[in-house]
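Below: one structure, written as structure tokens.
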Amino acid sequence: MSQDNQELVLPGERLATEEEFASSANTYIENGQIYSAIAGKVSIADGKISVHNQKKEIKKLRRNMLVLGTVTDDMRAVLFVKLDNVVAGGKEYMALKDGKILLPKERHGDRGGRGGFRGGDRRPQMHQMPQQTPKPCGVGDVILARVLGEEDDTYALKLDEPETGVVYAICEICGGELEESHDRNGFVCKSCKHVEYRKVSSLYKKPDEIERILTHIEVGR
Ligand SMILES: [Zn+2]
């Protein structure tokens, strides 16, 4: 086996199977296959396969990292987020997949749930509308999120910490500047006074602090 076979590969290129080699620097595993996370040269040593690029060490986004992204699609129960790469400590963490935020299920009339009277005559009312839980962010918002885990084609994200949530947004009616409104749990548009519910980050409009928190990556907690 050659020590350094100098083969040039591109991000996403299949290198080997997990049976052949152990995945090492700048590679990732999907369904038992090892892929390159970067453009660079392949090297093989001690049963490990890795890819190197002189410029910068490149890694993959990992669980528990904070990421910045833009909400691109709003489906019924899920929001999709285009994630930015994160650059920290001379390393670049690549967002090779989109992120997604699962929304809580809509609450319907409680059908004989816990605490209900047994045999009571209070049946669920047909005219009762399902209660729409407000979404934490909308299309076009820039959000700071924590990576909850990696799935086949997405990263699951969560927004349950004070720092996570919307860090930049504009009014969806007039495109005006939004101002945080504590009493209304979201934003009020400065121009048209339209109110939008949002999970607002404590770092809203604080780009310097966002930069600082992103370069302070906690991995593998
Ligand atoms: Zn507005």
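Letters A, B, ... go to the chains of the structure tokens in the order shown; residues in each chain start at 1; ligands are counted from 1 in the same order.
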Within 9 Å of ligand 1, which residues of chain A show up? Give each one with its shortest atom-to-atom distance in Å (one decimal) and the two atoms involved, counting only C-alpha atoms and all ligand atoms, rows by chain then rising residue number, as CSV.
```
residue,atom,partner,partner_atom_place_in_ligand_line,distance
A:Ile170,CA,ligand 1,1 (Zn),7.8
A:Cys171,CA,ligand 1,1 (Zn),4.6
A:Glu172,CA,ligand 1,1 (Zn),6.6
A:Ile173,CA,ligand 1,1 (Zn),5.0
A:Cys174,CA,ligand 1,1 (Zn),4.1
A:Gly175,CA,ligand 1,1 (Zn),5.8
A:Gly176,CA,ligand 1,1 (Zn),4.8
A:Glu177,CA,ligand 1,1 (Zn),7.2
A:Leu178,CA,ligand 1,1 (Zn),7.5
A:Val188,CA,ligand 1,1 (Zn),7.8
A:Cys189,CA,ligand 1,1 (Zn),4.6
A:Lys190,CA,ligand 1,1 (Zn),6.6
A:Ser191,CA,ligand 1,1 (Zn),5.2
A:Cys192,CA,ligand 1,1 (Zn),4.1
A:Lys193,CA,ligand 1,1 (Zn),6.0
A:His194,CA,ligand 1,1 (Zn),5.3
A:Val195,CA,ligand 1,1 (Zn),8.3
```
> Pick the closest to Gln33 of chain A from A:Cys137, A:Leu79, A:Ala45, A:Leu15: which is it, counting only C-alpha atoms?
Replying inline: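 Nearest to Gln33 of chain A: A:Leu15.
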> Which residues, written as a PyMOL selection string, have at least one atom at most 8 Å from Thr154 of chain A, with only C-alpha atoms counted and residues fewer than 6 positions away on the same chain left out?
Replying inline: chain A and resi 97-100
Keeping only C-alpha atoms, write those residues as an mmCIF file, in the first residue's frame.
```cif
data_model
loop_
_atom_site.group_PDB
_atom_site.id
_atom_site.type_symbol
_atom_site.label_atom_id
_atom_site.label_comp_id
_atom_site.auth_asym_id
_atom_site.auth_seq_id
_atom_site.Cartn_x
_atom_site.Cartn_y
_atom_site.Cartn_z
ATOM 1 C CA LYS A 97 -26.039 19.344 4.117
ATOM 2 C CA ASP A 98 -28.966 21.586 4.881
ATOM 3 C CA GLY A 99 -30.319 21.975 8.368
ATOM 4 C CA LYS A 100 -33.866 21.409 9.478
#
```
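With atom CA of Tyr204 of chain A on one side and atom CA of Val142 of chain A on the other, the separation reads 9.8 Å.
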>> Nearest residue to Ile44 of chain A out of A:Val86, A:Ala77, A:Ala25, A:Leu203, using only C-alpha atoms?
In response: A:Ala25
>> Report as a PyMOL selection string all protein, DNA and RNA residues lying within 12 Å of Ile101 of chain A, evaluated on only C-alpha atoms, omitting residues in the same chain fewer than 6 positions from it.
In response: chain A and resi 69-82+135-138+143-149+154-160+165
>> Restricting the calculation to only C-alpha atoms: of A:Glu179, A:Glu20, A:Glu30, A:Asp141, which residue gets closest to Gly47 of chain A?
In response: A:Glu20
>> So that I can check the secondary structure, give me every residue of segment 59-116 of chain A assigned strand (DSSP E) by backbone DSSP, as a PyMOL selection string.
In response: chain A and resi 59-60+66-74+78-83+86-88+91-94+98-102
Contacts of Gly32 of chain A at 8 Å (only C-alpha atoms; same-chain gap of 6+ positions) as a PDB file with C-alpha atoms, in the first residue's frame:
```
ATOM      1  CA  THR A  17     -15.443   1.611   2.266  1.00  0.00           C
ATOM      2  CA  GLU A  18     -15.342   1.492   6.038  1.00  0.00           C
ATOM      3  CA  GLU A  19     -14.114  -2.107   5.800  1.00  0.00           C
TER       4      GLU A  19
END
```
>> I'd like the neighbourhood of Ala16 of chain A as a PyMOL selection string, where a residue qualifies if any of its atoms comes within 12 Å (using only C-alpha atoms), though same-chain residues fewer than 2 positions away should be ignored.
In response: chain A and resi 12-14+18-24+27-36+42-44+47-50
Export of the given selection (N, CA and C atoms) as a compact mmCIF listing (two decimals), in the first residue's frame:
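Printed below is part05.txt as written:
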```txt
# COMPACT_ATOMS: atom_id res chain seq x y z
N GLY A 12 -17.15 15.32 -1.49
CA GLY A 12 -18.25 14.40 -1.81
C GLY A 12 -17.82 13.20 -2.62
N GLU A 13 -16.56 13.14 -3.00
CA GLU A 13 -16.07 12.01 -3.79
C GLU A 13 -15.87 10.79 -2.89
N ARG A 14 -16.30 9.61 -3.39
CA ARG A 14 -16.18 8.39 -2.60
C ARG A 14 -14.74 7.92 -2.63
N GLU A 18 -15.76 1.55 4.64
CA GLU A 18 -15.34 1.49 6.04
C GLU A 18 -14.58 0.21 6.36
N GLU A 19 -14.84 -0.86 5.57
CA GLU A 19 -14.11 -2.11 5.80
C GLU A 19 -12.66 -1.97 5.38
N GLU A 20 -12.42 -1.17 4.37
CA GLU A 20 -11.06 -1.03 3.85
C GLU A 20 -10.17 -0.17 4.73
N PHE A 21 -10.73 0.98 5.14
CA PHE A 21 -9.94 1.94 5.91
C PHE A 21 -10.75 2.57 7.03
N ALA A 22 -10.01 3.16 7.96
CA ALA A 22 -10.67 3.98 8.97
C ALA A 22 -10.71 5.40 8.44
N SER A 23 -11.84 6.04 8.66
CA SER A 23 -12.02 7.41 8.20
C SER A 23 -11.19 8.35 9.07
N SER A 24 -10.41 9.22 8.44
CA SER A 24 -9.58 10.14 9.21
C SER A 24 -9.81 11.57 8.70
N THR A 27 -12.51 13.55 6.05
CA THR A 27 -13.38 12.57 5.40
C THR A 27 -14.61 12.36 6.26
N TYR A 28 -15.63 11.78 5.67
CA TYR A 28 -16.82 11.46 6.46
C TYR A 28 -17.44 10.17 5.93
N ILE A 29 -18.26 9.57 6.78
CA ILE A 29 -18.82 8.26 6.45
C ILE A 29 -20.32 8.38 6.24
N GLU A 30 -20.78 7.76 5.18
CA GLU A 30 -22.22 7.67 4.96
C GLU A 30 -22.52 6.28 4.44
N ASN A 31 -23.41 5.58 5.11
CA ASN A 31 -23.81 4.24 4.71
C ASN A 31 -22.61 3.33 4.44
N GLY A 32 -21.64 3.39 5.33
CA GLY A 32 -20.50 2.48 5.22
C GLY A 32 -19.44 2.90 4.21
N GLN A 33 -19.67 4.01 3.53
CA GLN A 33 -18.71 4.49 2.53
C GLN A 33 -17.99 5.71 3.09
N ILE A 34 -16.72 5.83 2.74
CA ILE A 34 -15.94 6.99 3.18
C ILE A 34 -15.85 7.99 2.02
N TYR A 35 -16.18 9.23 2.31
CA TYR A 35 -16.15 10.29 1.30
C TYR A 35 -15.19 11.39 1.72
N SER A 36 -14.74 12.15 0.73
CA SER A 36 -13.90 13.30 1.03
C SER A 36 -14.77 14.50 1.35
N VAL A 42 -5.35 12.64 -1.35
CA VAL A 42 -5.64 11.50 -0.48
C VAL A 42 -4.34 10.96 0.09
N SER A 43 -4.34 10.67 1.38
CA SER A 43 -3.20 9.91 1.87
C SER A 43 -3.67 8.79 2.78
N ILE A 44 -2.90 7.71 2.75
CA ILE A 44 -3.26 6.50 3.47
C ILE A 44 -2.09 6.11 4.35
N GLY A 47 -3.65 2.23 8.00
CA GLY A 47 -5.04 1.81 7.83
C GLY A 47 -6.04 2.95 7.87
N LYS A 48 -5.53 4.18 7.90
CA LYS A 48 -6.42 5.34 7.93
C LYS A 48 -6.35 6.08 6.61
N ILE A 49 -7.50 6.53 6.16
CA ILE A 49 -7.52 7.31 4.93
C ILE A 49 -7.90 8.75 5.26
N SER A 50 -7.15 9.69 4.70
CA SER A 50 -7.43 11.09 4.98
C SER A 50 -7.19 11.92 3.72
```
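Closest approach to Glu211 of chain A from the set A:Lys199, A:Asn26, A:Val67, A:Gly140 is made by A:Val67, with distances taken over only C-alpha atoms.
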> Which of these, A:Val167, A:Asn185, A:Glu150, A:Glu209, has the shortest distance to Asn64 of chain A once you count only C-alpha atoms?
Replying inline: A:Glu150
> Using only C-alpha atoms, which residues sit within 10 Å of Glu92 of chain A once same-chain residues fewer than 5 positions away are excluded, as a VMD selection string?
Replying inline: chain A and resid 56 to 61 85 to 87
> When distances are computed from only C-alpha atoms, which of A:Thr215, A:Asn53, A:Ser181, A:Thr164 shows the smallest separation from Gly90 of chain A?
Replying inline: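 The shortest atom-to-atom distance to Gly90 of chain A comes from A:Thr215.
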